[in-house]
$ cat target_26.cif   # mmCIF, C-alpha atoms, pLDDT in the B column; chains and numbers go by the auth columns
data_structure
#
loop_
_atom_site.group_PDB
_atom_site.id
_atom_site.type_symbol
_atom_site.label_atom_id
_atom_site.label_comp_id
_atom_site.label_asym_id
_atom_site.label_seq_id
_atom_site.Cartn_x
_atom_site.Cartn_y
_atom_site.Cartn_z
_atom_site.B_iso_or_equiv
_atom_site.auth_seq_id
_atom_site.auth_asym_id
ATOM 1 C CA MET A 1 2.873 9.397 -13.395 51.00 1 A
ATOM 2 C CA GLU A 2 5.882 7.293 -14.408 50.00 2 A
ATOM 3 C CA GLU A 3 5.914 4.299 -16.730 49.00 3 A
ATOM 4 C CA ASP A 4 7.816 1.047 -16.213 51.00 4 A
ATOM 5 C CA ARG A 5 9.423 -1.170 -18.868 54.00 5 A
ATOM 6 C CA LEU A 6 6.228 -3.165 -19.445 57.00 6 A
ATOM 7 C CA GLY A 7 4.170 -0.076 -20.274 62.00 7 A
ATOM 8 C CA MET A 8 2.367 -0.030 -16.942 70.00 8 A
ATOM 9 C CA SER A 9 2.111 3.332 -15.227 82.00 9 A
ATOM 10 C CA ILE A 10 2.589 4.108 -11.554 85.00 10 A
ATOM 11 C CA THR A 11 0.964 6.945 -9.609 90.00 11 A
ATOM 12 C CA GLY A 12 2.477 7.877 -6.248 94.00 12 A
ATOM 13 C CA ASP A 13 0.811 9.835 -3.459 95.00 13 A
ATOM 14 C CA VAL A 14 0.654 10.313 0.326 97.00 14 A
ATOM 15 C CA THR A 15 -2.419 10.103 2.532 97.00 15 A
ATOM 16 C CA GLU A 16 -3.016 10.642 6.240 98.00 16 A
ATOM 17 C CA ILE A 17 -5.254 8.191 8.092 97.00 17 A
ATOM 18 C CA ILE A 18 -6.643 8.919 11.553 97.00 18 A
ATOM 19 C CA LYS A 19 -6.580 5.762 13.666 97.00 19 A
ATOM 20 C CA ASP A 20 -9.770 4.434 15.235 96.00 20 A
ATOM 21 C CA THR A 21 -10.349 4.156 19.002 94.00 21 A
ATOM 22 C CA ASN A 22 -8.477 0.817 18.995 93.00 22 A
ATOM 23 C CA GLY A 23 -5.441 2.452 17.388 94.00 23 A
ATOM 24 C CA VAL A 24 -5.721 0.672 14.029 95.00 24 A
ATOM 25 C CA ILE A 25 -6.093 1.895 10.445 97.00 25 A
ATOM 26 C CA GLY A 26 -7.711 -1.249 9.037 97.00 26 A
ATOM 27 C CA ILE A 27 -5.364 -2.915 6.548 97.00 27 A
ATOM 28 C CA SER A 28 -3.405 -6.126 6.231 97.00 28 A
ATOM 29 C CA ILE A 29 -0.054 -6.009 4.444 97.00 29 A
ATOM 30 C CA GLY A 30 2.096 -8.545 2.635 95.00 30 A
ATOM 31 C CA GLY A 31 5.446 -8.855 0.931 94.00 31 A
ATOM 32 C CA GLY A 32 8.624 -7.280 2.180 93.00 32 A
ATOM 33 C CA ALA A 33 12.139 -8.520 2.808 92.00 33 A
ATOM 34 C CA PRO A 34 13.585 -11.049 2.345 91.00 34 A
ATOM 35 C CA TYR A 35 11.167 -12.565 -0.190 88.00 35 A
ATOM 36 C CA CYS A 36 9.488 -9.645 -1.913 89.00 36 A
ATOM 37 C CA PRO A 37 10.999 -6.264 -2.844 88.00 37 A
ATOM 38 C CA CYS A 38 7.890 -4.294 -1.873 91.00 38 A
ATOM 39 C CA ILE A 39 5.236 -4.018 0.833 95.00 39 A
ATOM 40 C CA TYR A 40 1.710 -4.131 -0.527 95.00 40 A
ATOM 41 C CA VAL A 41 -1.831 -3.869 0.831 96.00 41 A
ATOM 42 C CA VAL A 42 -3.486 -7.297 0.921 95.00 42 A
ATOM 43 C CA GLN A 43 -6.838 -6.161 2.313 97.00 43 A
ATOM 44 C CA VAL A 44 -8.632 -3.003 3.400 97.00 44 A
ATOM 45 C CA PHE A 45 -11.126 -3.892 6.121 97.00 45 A
ATOM 46 C CA GLU A 46 -14.715 -2.762 5.690 96.00 46 A
ATOM 47 C CA ASP A 47 -15.762 0.335 7.680 96.00 47 A
ATOM 48 C CA SER A 48 -12.159 0.882 8.853 97.00 48 A
ATOM 49 C CA PRO A 49 -10.408 4.283 8.827 98.00 49 A
ATOM 50 C CA MET A 50 -8.574 3.201 5.655 98.00 50 A
ATOM 51 C CA ALA A 51 -11.827 2.163 3.943 97.00 51 A
ATOM 52 C CA LEU A 52 -13.416 5.487 4.889 97.00 52 A
ATOM 53 C CA ASN A 53 -10.327 7.323 3.596 96.00 53 A
ATOM 54 C CA GLY A 54 -10.746 5.512 0.269 95.00 54 A
ATOM 55 C CA ARG A 55 -7.350 6.450 -1.163 96.00 55 A
ATOM 56 C CA ILE A 56 -5.480 3.151 -0.729 96.00 56 A
ATOM 57 C CA GLN A 57 -6.810 -0.121 -2.121 94.00 57 A
ATOM 58 C CA ALA A 58 -5.764 -3.778 -2.034 94.00 58 A
ATOM 59 C CA GLY A 59 -2.777 -4.226 -4.349 92.00 59 A
ATOM 60 C CA ASP A 60 -1.300 -0.763 -3.755 95.00 60 A
ATOM 61 C CA GLU A 61 2.347 -0.580 -2.703 95.00 61 A
ATOM 62 C CA ILE A 62 3.282 1.108 0.602 97.00 62 A
ATOM 63 C CA VAL A 63 6.508 3.092 0.063 97.00 63 A
ATOM 64 C CA SER A 64 6.769 5.162 3.258 98.00 64 A
ATOM 65 C CA VAL A 65 5.394 5.525 6.770 98.00 65 A
ATOM 66 C CA ASN A 66 5.430 9.066 8.190 98.00 66 A
ATOM 67 C CA GLY A 67 7.933 10.116 5.537 98.00 67 A
ATOM 68 C CA ILE A 68 10.346 7.236 6.223 97.00 68 A
ATOM 69 C CA SER A 69 11.050 4.919 3.282 97.00 69 A
ATOM 70 C CA VAL A 70 10.122 1.279 3.906 96.00 70 A
ATOM 71 C CA LYS A 71 12.164 -0.080 0.992 92.00 71 A
ATOM 72 C CA GLY A 72 13.988 -3.249 2.055 92.00 72 A
ATOM 73 C CA GLU A 73 12.044 -3.618 5.313 94.00 73 A
ATOM 74 C CA ASN A 74 9.996 -6.645 6.347 94.00 74 A
ATOM 75 C CA LYS A 75 6.268 -6.447 6.962 94.00 75 A
ATOM 76 C CA THR A 76 6.657 -6.932 10.728 95.00 76 A
ATOM 77 C CA GLU A 77 8.772 -3.762 10.960 95.00 77 A
ATOM 78 C CA ILE A 78 6.296 -1.813 8.824 95.00 78 A
ATOM 79 C CA ALA A 79 3.365 -2.961 10.972 95.00 79 A
ATOM 80 C CA LYS A 80 5.311 -1.902 14.080 96.00 80 A
ATOM 81 C CA MET A 81 5.981 1.563 12.596 96.00 81 A
ATOM 82 C CA ILE A 82 2.260 2.017 11.908 96.00 82 A
ATOM 83 C CA GLN A 83 1.163 0.647 15.297 95.00 83 A
ATOM 84 C CA GLU A 84 3.595 2.825 17.271 96.00 84 A
ATOM 85 C CA THR A 85 2.373 6.033 15.611 96.00 85 A
ATOM 86 C CA GLU A 86 -0.079 7.949 17.812 95.00 86 A
ATOM 87 C CA GLY A 87 -3.306 9.438 16.436 95.00 87 A
ATOM 88 C CA SER A 88 -2.778 9.413 12.688 96.00 88 A
ATOM 89 C CA VAL A 89 -0.290 7.935 10.255 98.00 89 A
ATOM 90 C CA LYS A 90 0.929 9.228 6.882 98.00 90 A
ATOM 91 C CA LEU A 91 1.386 6.533 4.251 98.00 91 A
ATOM 92 C CA GLY A 92 3.193 7.029 0.966 98.00 92 A
ATOM 93 C CA PHE A 93 1.852 4.671 -1.664 97.00 93 A
ATOM 94 C CA ASN A 94 2.046 3.696 -5.325 96.00 94 A
ATOM 95 C CA ILE A 95 -0.858 2.617 -7.499 92.00 95 A
ATOM 96 C CA LEU A 96 -0.016 0.390 -10.470 78.00 96 A
ATOM 97 C CA HIS A 97 -2.123 1.045 -13.568 72.00 97 A
ATOM 98 C CA ALA A 98 -2.067 -1.932 -15.925 68.00 98 A
ATOM 99 C CA GLU A 99 -3.852 -1.800 -19.249 65.00 99 A
ATOM 100 C CA LEU A 100 -5.739 -5.023 -19.792 60.00 100 A
ATOM 101 C CA ILE A 101 -5.668 -6.378 -23.315 61.00 101 A
ATOM 102 C CA ASP A 102 -7.773 -9.113 -24.852 62.00 102 A
ATOM 103 C CA VAL A 103 -5.638 -11.889 -26.271 60.00 103 A
ATOM 104 C CA SER A 104 -7.194 -14.636 -28.373 64.00 104 A
ATOM 105 C CA LEU A 105 -5.492 -17.923 -29.077 64.00 105 A
ATOM 106 C CA ILE A 106 -6.574 -19.924 -32.097 68.00 106 A
ATOM 107 C CA LEU A 107 -5.832 -23.633 -31.863 65.00 107 A
#
$ encode --input "target_26.cif" --output "structure tokens"
Amino acid sequence: MEEDRLGMSITGDVTEIIKDTNGVIGISIGGGAPYCPCIYVVQVFEDSPMALNGRIQAGDEIVSVNGISVKGENKTEIAKMIQETEGSVKLGFNILHAELIDVSLIL
């Protein structure tokens, strides 16, 4: 687990998801070039292969598809990489762990 400058920690991992009979894994993604430096999971659809896998959640960063880095790519290209993969797809991902603190403001 590595730690960034703000004290938040990041855990990276890889998971393999077997596509359903329609050839989907059941996520929506956001971010990507040119506006955002990373691709992230916006939603995991209920009862989808990704939901059943349980390893990737909304907010997690996708860093690779089948071992190929997606850094600097746009979300359309990433979706195409996932869609064109037959059977199952391996996704590399990062989970951001942020410690929530209670801050009180006295006025």
$ residues_around --input "target_26.cif" --residues "Glu46 in chain A" --least-positions-apart "5" --cutoff "10 Å" --atoms "only C-alpha atoms" --output "list in words"
Gly26, Ile27, Ala51 and Leu52 of chain A
$ resolve_selection --input "target_26.cif" --expression "the PyMOL selection byres ((chain A and resi 76) around 12)" --output "list in words"
Ser28, Ile29, Gly30, Gly31, Gly32, Ala33, Pro34, Ile39, Val70, Gly72, Glu73, Asn74, Lys75, Glu77, Ile78, Ala79, Lys80, Met81, Ile82 and Gln83 of chain A
$ atom_distance --input "target_26.cif" --atom1 "CA of Lys90 in chain A" --atom2 "CA of Gly54 in chain A"
13.9 Å
$ residues_near_point --input "target_26.cif" --point "(-6.6, 4.1, 18.7)" --cutoff "10 Å" --atoms "only C-alpha atoms" --output "NGL selection string"
:A and (18-25 or 83 or 85-88)
$ closest_residue --input "target_26.cif" --among "A:Ile68, A:Ile10, A:Val89, A:Val41" --to "Ile56 in chain A" --atoms "all atoms listed in the file"
A:Val41
$ residues_around --input "target_26.cif" --residues "Asn94 in chain A" --least-positions-apart "5" --cutoff "8 Å" --atoms "all atoms listed in the file" --output "count of residues only"
8
$ atom_distance --input "target_26.cif" --atom1 "CA of Phe45 in chain A" --atom2 "CA of Ser69 in chain A"
24.0 Å
$ atom_distance --input "target_26.cif" --atom1 "CA of Ser48 in chain A" --atom2 "CA of Gly92 in chain A"
18.3 Å
$ axis_aligned_box --input "target_26.cif" --around "range 39-50 of chain A" --padding-each-side "4 Å" --output "lines of an AutoDock Vina configuration file"
center_x = -5.3
center_y = -1.5
center_z = 4.2
size_x = 29.0
size_y = 19.6
size_z = 17.4
$ closest_residue --input "target_26.cif" --among "A:Val65, A:Val14, A:Cys36, A:Met50" --to "Phe93 in chain A" --atoms "all atoms listed in the file"
A:Val14
$ resolve_selection --input "target_26.cif" --expression "the PyMOL selection byres ((chain A and resi 97) around 6)" --output "ChimeraX atom specification"
/A:8-10,96,98
